[in-house]
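Student: Data file data20.cif (mmCIF, C-alpha atoms and all ligand atoms) is appended below.
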```cif
data_run
loop_
_atom_site.label_atom_id
_atom_site.label_comp_id
_atom_site.auth_asym_id
_atom_site.auth_seq_id
_atom_site.Cartn_x
_atom_site.Cartn_y
_atom_site.Cartn_z
CA MET A 1 90.32 94.28 123.40
CA ILE A 2 90.05 96.97 120.83
CA GLY A 3 92.05 99.99 119.85
CA ALA A 4 92.98 102.96 121.97
CA ALA A 5 91.01 105.32 119.72
CA SER A 6 87.70 103.63 120.39
CA ARG A 7 88.46 103.38 124.10
CA ALA A 8 89.22 107.11 124.10
CA LEU A 9 85.94 107.82 122.32
CA PHE A 10 83.81 105.78 124.72
CA SER A 11 85.59 107.05 127.79
CA GLY A 12 84.89 110.61 126.56
CA LEU A 13 81.21 109.73 126.13
CA ALA A 14 81.12 108.05 129.54
CA ALA A 15 82.45 111.22 131.17
CA SER A 16 79.71 113.42 129.66
CA THR A 17 77.49 114.62 132.49
CA LEU A 18 74.64 115.36 130.10
CA LEU A 19 74.66 111.88 128.55
CA ARG A 20 74.91 110.26 131.97
CA ARG A 21 71.91 112.20 133.19
CA LEU A 22 69.86 111.48 130.08
CA ALA A 23 70.74 107.81 130.17
CA SER A 24 69.89 107.41 133.85
CA ARG A 25 66.54 109.08 133.21
CA TYR A 26 65.40 107.13 130.17
CA GLY A 27 67.58 104.26 129.06
CA LEU A 28 66.79 101.06 130.89
CA ARG A 29 63.06 101.60 131.09
CA ARG A 30 62.56 101.03 127.40
CA PRO A 31 61.58 97.45 126.74
CA GLY A 32 64.18 95.75 124.59
CA SER A 33 66.81 98.35 125.48
CA PHE A 34 70.22 97.00 124.43
CA ALA A 35 71.71 98.13 127.76
CA ARG A 36 69.51 95.50 129.45
CA ARG A 37 71.76 92.81 128.04
CA PHE A 38 74.54 94.00 130.38
CA ILE A 39 72.61 95.53 133.29
CA ALA A 40 70.17 93.59 135.42
CA GLY A 41 67.81 96.50 136.10
CA GLU A 42 67.49 99.67 138.12
CA THR A 43 66.44 98.27 141.50
CA ILE A 44 67.81 95.87 144.09
CA ASP A 45 64.76 93.66 143.52
CA GLU A 46 65.61 93.33 139.83
CA ALA A 47 69.24 92.58 140.74
CA ILE A 48 68.17 89.89 143.21
CA ALA A 49 65.86 88.33 140.63
CA ALA A 50 68.78 88.25 138.16
CA ALA A 51 71.08 86.77 140.83
CA ARG A 52 68.53 84.04 141.61
CA ALA A 53 68.28 83.12 137.93
CA VAL A 54 72.07 83.04 137.56
CA GLU A 55 72.57 81.02 140.75
CA ALA A 56 69.90 78.56 139.60
CA ARG A 57 72.26 77.74 136.70
CA GLY A 58 74.95 76.70 139.17
CA LEU A 59 76.89 79.97 139.06
CA LEU A 60 77.94 82.31 141.85
CA THR A 61 77.19 86.04 141.84
CA THR A 62 78.52 89.42 142.92
CA LEU A 63 76.27 92.48 142.84
CA ASP A 64 77.41 95.94 141.74
CA PHE A 65 75.21 98.93 142.61
CA LEU A 66 76.32 101.19 139.77
CA GLY A 67 77.76 104.63 140.45
CA GLU A 68 81.19 106.24 140.18
CA ARG A 69 83.09 109.52 140.12
CA VAL A 70 80.84 111.02 142.77
CA THR A 71 81.80 114.62 143.51
CA SER A 72 79.72 115.58 146.55
CA PHE A 73 80.08 114.39 150.11
CA GLU A 74 76.28 113.91 150.33
CA ASP A 75 76.12 111.68 147.23
CA ALA A 76 79.00 109.54 148.51
CA GLU A 77 77.35 109.10 151.88
CA ARG A 78 73.99 108.41 150.21
CA ALA A 79 75.63 105.65 148.14
CA SER A 80 77.14 103.96 151.19
CA ARG A 81 73.86 104.18 153.11
CA ALA A 82 72.04 102.73 150.11
CA TRP A 83 74.57 99.89 150.06
CA THR A 84 74.11 99.10 153.75
CA ALA A 85 70.32 99.04 153.41
CA MET A 86 70.55 96.80 150.35
CA MET A 87 72.92 94.40 152.10
CA GLY A 88 70.12 93.55 154.52
CA THR A 89 67.82 92.89 151.56
CA ILE A 90 70.46 90.72 149.87
CA ALA A 91 71.02 88.70 153.05
CA ASP A 92 67.25 88.21 153.52
CA ALA A 93 66.86 87.14 149.89
CA GLY A 94 69.36 84.32 150.35
CA VAL A 95 71.47 85.09 147.26
CA ASN A 96 75.28 85.22 147.48
CA ARG A 97 76.56 87.78 149.98
CA ASN A 98 79.16 89.13 147.66
CA ILE A 99 79.28 92.73 146.40
CA SER A 100 81.59 94.83 144.24
CA VAL A 101 82.12 98.50 145.05
CA LYS A 102 83.93 101.44 143.47
CA LEU A 103 85.78 103.81 145.76
CA THR A 104 84.89 106.83 143.60
CA GLN A 105 81.22 106.04 144.30
CA LEU A 106 82.12 106.31 147.99
CA GLY A 107 83.93 109.63 147.66
CA LEU A 108 87.54 108.87 146.64
CA ASP A 109 87.55 111.89 144.31
CA ILE A 110 86.50 114.11 147.22
CA ASP A 111 89.04 112.92 149.76
CA ARG A 112 90.55 109.74 151.13
CA MET A 113 88.81 109.87 154.51
CA THR A 114 85.33 110.14 152.96
CA ALA A 115 85.94 107.00 150.93
CA VAL A 116 87.44 105.15 153.90
CA ASP A 117 84.57 106.09 156.23
CA ASN A 118 81.96 105.06 153.67
CA LEU A 119 83.72 101.80 152.89
CA ARG A 120 84.06 100.98 156.58
CA ARG A 121 80.34 101.55 157.04
CA ILE A 122 79.72 98.95 154.32
CA LEU A 123 82.22 96.51 155.79
CA GLU A 124 80.70 96.86 159.25
CA ALA A 125 77.21 96.27 157.85
CA GLY A 126 78.48 93.19 156.05
CA ARG A 127 80.30 91.61 158.99
CA PRO A 128 77.35 90.05 160.82
CA HIS A 129 76.11 88.56 157.54
CA ASP A 130 79.55 87.40 156.39
CA PHE A 131 79.61 89.51 153.23
CA PHE A 132 82.57 89.57 150.88
CA VAL A 133 83.30 93.05 149.52
CA ARG A 134 85.44 93.41 146.39
CA ILE A 135 86.91 96.79 145.54
CA ASP A 136 86.78 97.29 141.76
CA MET A 137 89.80 98.99 140.22
CA GLU A 138 89.19 102.22 138.36
CA SER A 139 91.40 104.50 136.25
CA SER A 140 95.16 104.55 136.81
CA HIS A 141 95.20 107.74 138.85
CA HIS A 142 93.03 105.99 141.45
CA VAL A 143 95.19 102.88 141.75
CA ASP A 144 97.71 104.05 144.39
CA ARG A 145 94.97 105.37 146.66
CA THR A 146 92.74 102.34 146.12
CA LEU A 147 95.52 99.92 147.04
CA GLU A 148 96.63 102.04 149.98
CA ILE A 149 93.06 102.05 151.35
CA PHE A 150 92.69 98.33 150.71
CA GLU A 151 95.97 97.55 152.47
CA THR A 152 95.13 99.80 155.43
CA LEU A 153 91.77 98.13 155.99
CA TRP A 154 93.27 94.69 155.42
CA GLY A 155 95.80 95.56 158.13
CA LEU A 156 92.88 96.44 160.42
CA ASP A 157 91.57 92.90 160.04
CA TYR A 158 88.84 93.54 157.52
CA HIS A 159 89.43 90.23 155.78
CA GLY A 160 86.09 89.87 154.01
CA LEU A 161 87.67 92.22 151.52
CA GLY A 162 89.37 91.85 148.14
CA VAL A 163 90.61 94.08 145.35
CA ALA A 164 90.93 93.98 141.56
CA ILE A 165 94.23 94.27 139.68
CA GLN A 166 94.42 95.28 136.02
CA SER A 167 96.99 93.37 133.99
CA TYR A 168 97.31 96.18 131.41
CA LEU A 169 99.07 98.36 133.99
CA ARG A 170 102.86 98.17 133.88
CA ARG A 171 102.97 98.20 137.68
CA SER A 172 100.72 95.19 138.25
CA ASP A 173 103.37 92.46 138.58
CA ASP A 174 104.67 94.29 141.64
CA ASP A 175 101.18 94.83 143.04
CA VAL A 176 100.31 91.16 142.65
CA ARG A 177 103.52 90.17 144.42
CA ARG A 178 102.78 92.48 147.36
CA LEU A 179 99.12 91.40 147.64
CA ASN A 180 100.16 87.74 147.56
CA THR A 181 102.52 88.39 150.46
CA LEU A 182 99.62 89.88 152.42
CA GLY A 183 97.43 86.87 151.63
CA ALA A 184 94.85 89.17 150.04
CA PRO A 185 92.25 87.87 147.56
CA VAL A 186 92.82 89.41 144.13
CA ARG A 187 90.51 89.58 141.12
CA LEU A 188 92.63 89.71 137.98
CA VAL A 189 91.18 91.62 134.99
CA LYS A 190 92.70 93.00 131.80
CA GLY A 191 91.55 96.57 132.54
CA ALA A 192 88.76 98.63 131.01
CA TYR A 193 89.82 102.30 131.11
CA HIS A 194 91.50 104.51 128.57
CA GLU A 195 95.08 104.82 129.80
CA PRO A 196 98.26 106.47 128.50
CA ARG A 197 101.04 104.21 127.17
CA THR A 198 103.33 105.44 129.91
CA VAL A 199 101.30 103.51 132.50
CA ALA A 200 99.57 100.76 130.50
CA TYR A 201 100.41 98.30 127.72
CA ALA A 202 98.56 99.14 124.55
CA ASP A 203 99.05 95.90 122.58
CA LYS A 204 96.78 92.93 123.17
CA ALA A 205 99.79 90.59 123.10
CA GLU A 206 101.49 92.52 125.90
CA VAL A 207 98.31 92.68 128.02
CA ASP A 208 97.73 88.95 127.53
CA ALA A 209 101.34 88.14 128.45
CA ALA A 210 101.02 90.21 131.63
CA PHE A 211 97.70 88.54 132.45
CA LEU A 212 99.37 85.12 132.08
CA ARG A 213 102.27 86.09 134.34
CA GLN A 214 99.95 87.46 137.00
CA MET A 215 97.49 84.57 136.73
CA ARG A 216 100.40 82.19 137.37
CA ALA A 217 101.66 84.23 140.32
CA LEU A 218 98.16 84.28 141.81
CA LEU A 219 97.43 80.58 141.34
CA ALA A 220 100.83 79.58 142.69
CA GLY A 221 101.14 82.03 145.57
CA GLY A 222 97.86 83.89 146.07
CA THR A 223 94.78 83.47 148.21
CA TYR A 224 91.62 82.36 146.43
CA PRO A 225 92.26 84.37 143.25
CA ALA A 226 89.46 85.28 140.87
CA ILE A 227 90.45 85.04 137.23
CA ALA A 228 88.05 87.46 135.53
CA THR A 229 88.09 87.18 131.77
CA HIS A 230 86.04 85.87 128.85
CA ASP A 231 89.15 85.23 126.77
CA ASP A 232 89.20 81.55 125.74
CA ASN A 233 92.99 81.40 125.50
CA LEU A 234 93.52 82.85 128.97
CA ILE A 235 90.92 80.54 130.46
CA GLU A 236 92.54 77.53 128.80
CA ALA A 237 95.92 78.64 130.14
CA THR A 238 94.45 79.05 133.63
CA LEU A 239 92.93 75.57 133.53
CA ALA A 240 96.23 74.10 132.31
CA TYR A 241 98.28 75.85 135.01
CA ALA A 242 95.82 74.91 137.78
CA ALA A 243 96.06 71.29 136.62
CA GLU A 244 99.86 71.48 136.58
CA LEU A 245 99.82 72.79 140.17
CA ARG A 246 97.17 70.22 141.11
CA LEU A 247 95.24 73.13 142.56
CA PRO A 248 91.86 72.01 143.89
CA ARG A 249 88.86 73.61 142.13
CA ASP A 250 87.71 75.31 145.31
CA ARG A 251 90.95 77.29 145.62
CA PHE A 252 90.19 79.76 142.82
CA GLU A 253 87.28 80.96 140.73
CA PHE A 254 86.54 82.39 137.33
CA GLN A 255 84.51 85.56 137.02
CA MET A 256 82.57 86.92 134.06
CA LEU A 257 80.22 89.79 133.37
CA PHE A 258 76.43 89.56 133.27
CA GLY A 259 75.35 89.18 129.65
CA VAL A 260 78.76 88.11 128.33
CA ARG A 261 79.70 84.57 127.18
CA ARG A 262 76.94 82.64 128.92
CA ASP A 263 78.06 79.62 126.89
CA LEU A 264 81.52 79.77 128.43
CA GLN A 265 80.09 80.31 131.92
CA ALA A 266 77.94 77.19 131.53
CA SER A 267 80.70 75.01 130.12
CA LEU A 268 83.09 75.84 132.98
CA VAL A 269 80.38 75.09 135.53
CA ALA A 270 79.67 71.81 133.75
CA GLN A 271 83.37 70.94 134.19
CA GLY A 272 83.02 71.54 137.93
CA HIS A 273 84.65 74.98 138.14
CA ARG A 274 83.47 77.91 140.20
CA VAL A 275 82.26 80.79 138.06
CA ARG A 276 80.97 84.03 139.52
CA VAL A 277 78.86 86.43 137.46
CA TYR A 278 79.23 90.17 138.08
CA ILE A 279 75.72 91.62 138.10
CA PRO A 280 75.46 95.42 137.80
CA PHE A 281 72.24 97.28 138.55
CA GLY A 282 71.06 100.81 139.28
CA ARG A 283 70.26 104.01 137.48
CA GLN A 284 73.86 105.17 137.04
CA TRP A 285 74.52 102.59 134.34
CA PHE A 286 75.85 104.75 131.53
CA PRO A 287 79.66 104.75 132.17
CA TYR A 288 79.60 100.97 132.80
CA PHE A 289 77.66 100.45 129.58
CA MET A 290 80.12 102.62 127.63
CA ARG A 291 83.02 100.46 128.84
CA ARG A 292 81.18 97.37 127.59
CA MET A 293 80.68 99.07 124.23
CA ALA A 294 84.37 99.96 124.00
CA GLU A 295 85.39 96.34 124.54
CA ARG A 296 83.74 94.97 121.47
CA PRO A 297 82.99 96.76 118.18
CA ALA A 298 80.15 94.31 117.45
CA ASN A 299 78.29 95.73 120.46
CA VAL A 300 78.18 99.13 118.83
CA MET A 301 76.55 97.62 115.74
CA PHE A 302 73.96 95.85 117.95
CA LEU A 303 73.35 99.12 119.78
CA LEU A 304 72.85 101.08 116.56
CA GLY A 305 70.51 98.36 115.29
CA SER A 306 68.42 98.42 118.44
CA LEU A 307 68.24 102.23 118.43
CA ALA A 308 67.12 102.15 114.80
CA ARG A 309 64.40 99.62 115.67
CA GLU A 310 63.21 101.76 118.60
CA ARG A 311 62.99 104.84 116.38
CA GLY A 312 61.04 102.80 113.86
CA GLY A 313 58.45 102.04 116.56
CA PRO A 314 56.74 98.76 117.31
CA ARG A 315 56.52 96.21 114.54
CA GLY A 316 54.15 93.54 113.41
C1 LIG B 1 83.95 89.90 136.80
C2 LIG B 1 84.68 91.04 136.14
C3 LIG B 1 85.02 92.14 136.90
C4 LIG B 1 85.71 93.19 136.31
N1 LIG B 1 86.15 94.22 137.10
C5 LIG B 1 86.93 95.19 136.54
C6 LIG B 1 87.55 96.18 137.36
O1 LIG B 1 87.41 96.21 138.58
N2 LIG B 1 88.29 97.13 136.73
C7 LIG B 1 88.51 97.12 135.38
O2 LIG B 1 89.23 97.99 134.86
N3 LIG B 1 87.93 96.18 134.60
C8 LIG B 1 87.16 95.23 135.14
N4 LIG B 1 86.62 94.26 134.33
C9 LIG B 1 86.65 94.40 132.86
C10 LIG B 1 87.94 93.86 132.27
O3 LIG B 1 89.02 94.72 132.59
C11 LIG B 1 87.84 93.76 130.72
O4 LIG B 1 87.65 95.04 130.19
C12 LIG B 1 86.74 92.85 130.24
O5 LIG B 1 86.63 91.71 131.03
C13 LIG B 1 86.99 92.38 128.79
O6 LIG B 1 88.22 91.72 128.73
P1 LIG B 1 88.37 90.13 128.53
O7 LIG B 1 89.35 89.68 129.55
O8 LIG B 1 87.06 89.46 128.57
O9 LIG B 1 89.10 89.97 127.14
P2 LIG B 1 88.75 90.52 125.70
O10 LIG B 1 89.93 90.15 124.86
O11 LIG B 1 88.34 91.94 125.75
O12 LIG B 1 87.49 89.66 125.28
C14 LIG B 1 87.54 88.27 125.05
C15 LIG B 1 86.20 87.83 124.49
O13 LIG B 1 85.18 88.05 125.47
C16 LIG B 1 83.99 88.52 124.88
N5 LIG B 1 83.73 89.87 125.37
C17 LIG B 1 84.57 90.65 126.11
N6 LIG B 1 83.97 91.81 126.43
C18 LIG B 1 82.74 91.77 125.86
C19 LIG B 1 81.65 92.69 125.82
N7 LIG B 1 81.72 93.87 126.43
N8 LIG B 1 80.54 92.33 125.15
C20 LIG B 1 80.44 91.13 124.53
N9 LIG B 1 81.46 90.22 124.53
C21 LIG B 1 82.58 90.54 125.18
C22 LIG B 1 84.23 88.49 123.39
O14 LIG B 1 83.81 87.23 122.93
C23 LIG B 1 85.74 88.63 123.28
O15 LIG B 1 86.25 88.08 122.11
C24 LIG B 1 85.98 93.17 134.91
C25 LIG B 1 85.65 92.05 134.16
C26 LIG B 1 85.03 90.98 134.75
C27 LIG B 1 84.73 89.77 133.93
#
```
In structure tokens, how does this file's structure come out?
Tutor:
Amino acid sequence: MIGAASRALFSGLAASTLLRRLASRYGLRRPGSFARRFIAGETIDEAIAAARAVEARGLLTTLDFLGERVTSFEDAERASRAWTAMMGTIADAGVNRNISVKLTQLGLDIDRMTAVDNLRRILEAGRPHDFFVRIDMESSHHVDRTLEIFETLWGLDYHGLGVAIQSYLRRSDDDVRRLNTLGAPVRLVKGAYHEPRTVAYADKAEVDAAFLRQMRALLAGGTYPAIATHDDNLIEATLAYAAELRLPRDRFEFQMLFGVRRDLQASLVAQGHRVRVYIPFGRQWFPYFMRRMAERPANVMFLLGSLARERGGPRG
């Protein structure tokens, strides 16, 4: 985790409509583009190829068709129809039937019903193929509505559904408790958005302490939790607590991002743990990429280096 100032900077850049448009038009096509480290490609075929390669290393996958903060009804519906078409392709390809969706891609910023209708279309398309659909968690002003929609659909027996909880939010202990009572599968993450101190912890120590509390609550009383972090200390603590509980390895999983800590992914798999890799793809990659930049200052240096090389033209 890095400071609030850099998160604020990158979240400002991510919100720029002009940069998003430019990035979706040019960025990933360039060979050697630094964004390619984190994003599998622009098309479902590229995503499936990446998923096959990841699964061949003994890992599990979840696919994320990038897109968020959609403001028109048509774009939200287009995204959900694209998802349903791609789910058929994913099922035919034989890779894991596990996807991650953002409710603002499905129209949450337009109105609740648009997002619910679009999500239900995806869930219905997934049912015959036994898909698991994880709702990513977005910025704090979406959390109440996201959880309310999740809990409503869960109550309607859509159980191939899970949600993410961000440990940096001050409210998350309560949310984890409630979701555990429902028996709902939770993905625990630290949180990737720029948030005010009134709603989120700012210090790494406080976020880590909250993550530990919630990880323990999920392992002890949750349903197939996903512990999504690349933080060595938190992974060690998870392994130690699972051992203390004598929790079988098939009762929880780790999750990590495509392009991040492949060494750690491999070593956990070698120890017999389940590790799922989150594979994003699509043309709307810019906000996701900015969040990855904000997480690690070294990424910005790599990015500047690769831009400088591109401007210098081909070498040798
Ligand atoms: C599977 C998955 C799903 C996620 N879903 C959501 C979600 O729905 N909502 C949400 O707000 N956030 C989500 N996140 C992002 C999460 O909130 C964190 O921002 C992100 O995981 C970085 O935190 P960390 O736990 O790895 O710890 P950190 O302390 O940030 O990082 C620990 C170590 O991991 C490595 N690392 C972390 N990030 C990077 C990076 N970008 N590039 C290179 N190395 C890196 C570094 O070695 C670093 O030292 C998700 C993360 C994962 C793994």
Student: Between A:Ile110, A:Val275, A:Ala240, A:Leu153, single out the one closest to ligand LIG 1 (chain B), counting all atoms listed in the file.
Tutor: A:Val275
Student: So which residues are near ligand LIG 1 (chain B), meaning at most 8 Å away with only C-alpha atoms and all ligand atoms counted, given back as a VMD selection string?
Tutor: chain A and resid 1 to 2 102 135 to 139 163 to 166 187 to 193 204 228 to 232 254 to 257 259 to 261 276 to 278 291 to 296 298 to 299
Student: Arg81 of chain A: which residues within 10 Å, counting only C-alpha atoms, same-chain residues fewer than 3 positions away excluded, as a list in words?
Tutor: Asp75, Ala76, Glu77, Arg78, Thr84, Ala85, Met86, Met87, Leu106, Asn118, Arg121, Ile122 and Ala125 of chain A
Student: Rounded to one decimal, what separation in Å do you get between atom CA of Pro225 of chain A and atom CA of Thr152 of chain A?
Tutor: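 Spanning atom CA of Pro225 of chain A to atom CA of Thr152 of chain A is a straight-line distance of 19.9 Å.
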Student: So which residues touch segment 169-185 of chain A within 8 Å, counting only C-alpha atoms, skipping near sequence neighbours fewer than 2 positions away, as a list of chain:residue names?
Tutor: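 Close residues of segment 169-185 of chain A: A:Ser140, A:Trp154, A:His159, A:Leu161, A:Gly162, A:Val163, A:Ile165, A:Gln166, A:Ser167, A:Arg187, A:Gly191, A:Val199, A:Ala200, A:Tyr201, A:Ala210, A:Arg213, A:Gln214, A:Ala217, A:Leu218, A:Gly221, A:Gly222, A:Thr223, A:Tyr224, A:Pro225, A:Ala226.
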Student: Please save C-alpha atoms of the selected residues as a PDB file, keeping the file's coordinate frame.
Tutor:
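Writing the result to again-v2.pdb gives the following:
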```
ATOM      1  CA  SER A 140      95.160 104.550 136.810  1.00  0.00           C
ATOM      2  CA  TRP A 154      93.270  94.690 155.420  1.00  0.00           C
ATOM      3  CA  HIS A 159      89.430  90.230 155.780  1.00  0.00           C
ATOM      4  CA  LEU A 161      87.670  92.220 151.520  1.00  0.00           C
ATOM      5  CA  GLY A 162      89.370  91.850 148.140  1.00  0.00           C
ATOM      6  CA  VAL A 163      90.610  94.080 145.350  1.00  0.00           C
ATOM      7  CA  ILE A 165      94.230  94.270 139.680  1.00  0.00           C
ATOM      8  CA  GLN A 166      94.420  95.280 136.020  1.00  0.00           C
ATOM      9  CA  SER A 167      96.990  93.370 133.990  1.00  0.00           C
ATOM     10  CA  ARG A 187      90.510  89.580 141.120  1.00  0.00           C
ATOM     11  CA  GLY A 191      91.550  96.570 132.540  1.00  0.00           C
ATOM     12  CA  VAL A 199     101.300 103.510 132.500  1.00  0.00           C
ATOM     13  CA  ALA A 200      99.570 100.760 130.500  1.00  0.00           C
ATOM     14  CA  TYR A 201     100.410  98.300 127.720  1.00  0.00           C
ATOM     15  CA  ALA A 210     101.020  90.210 131.630  1.00  0.00           C
ATOM     16  CA  ARG A 213     102.270  86.090 134.340  1.00  0.00           C
ATOM     17  CA  GLN A 214      99.950  87.460 137.000  1.00  0.00           C
ATOM     18  CA  ALA A 217     101.660  84.230 140.320  1.00  0.00           C
ATOM     19  CA  LEU A 218      98.160  84.280 141.810  1.00  0.00           C
ATOM     20  CA  GLY A 221     101.140  82.030 145.570  1.00  0.00           C
ATOM     21  CA  GLY A 222      97.860  83.890 146.070  1.00  0.00           C
ATOM     22  CA  THR A 223      94.780  83.470 148.210  1.00  0.00           C
ATOM     23  CA  TYR A 224      91.620  82.360 146.430  1.00  0.00           C
ATOM     24  CA  PRO A 225      92.260  84.370 143.250  1.00  0.00           C
ATOM     25  CA  ALA A 226      89.460  85.280 140.870  1.00  0.00           C
TER      26      ALA A 226
END
```
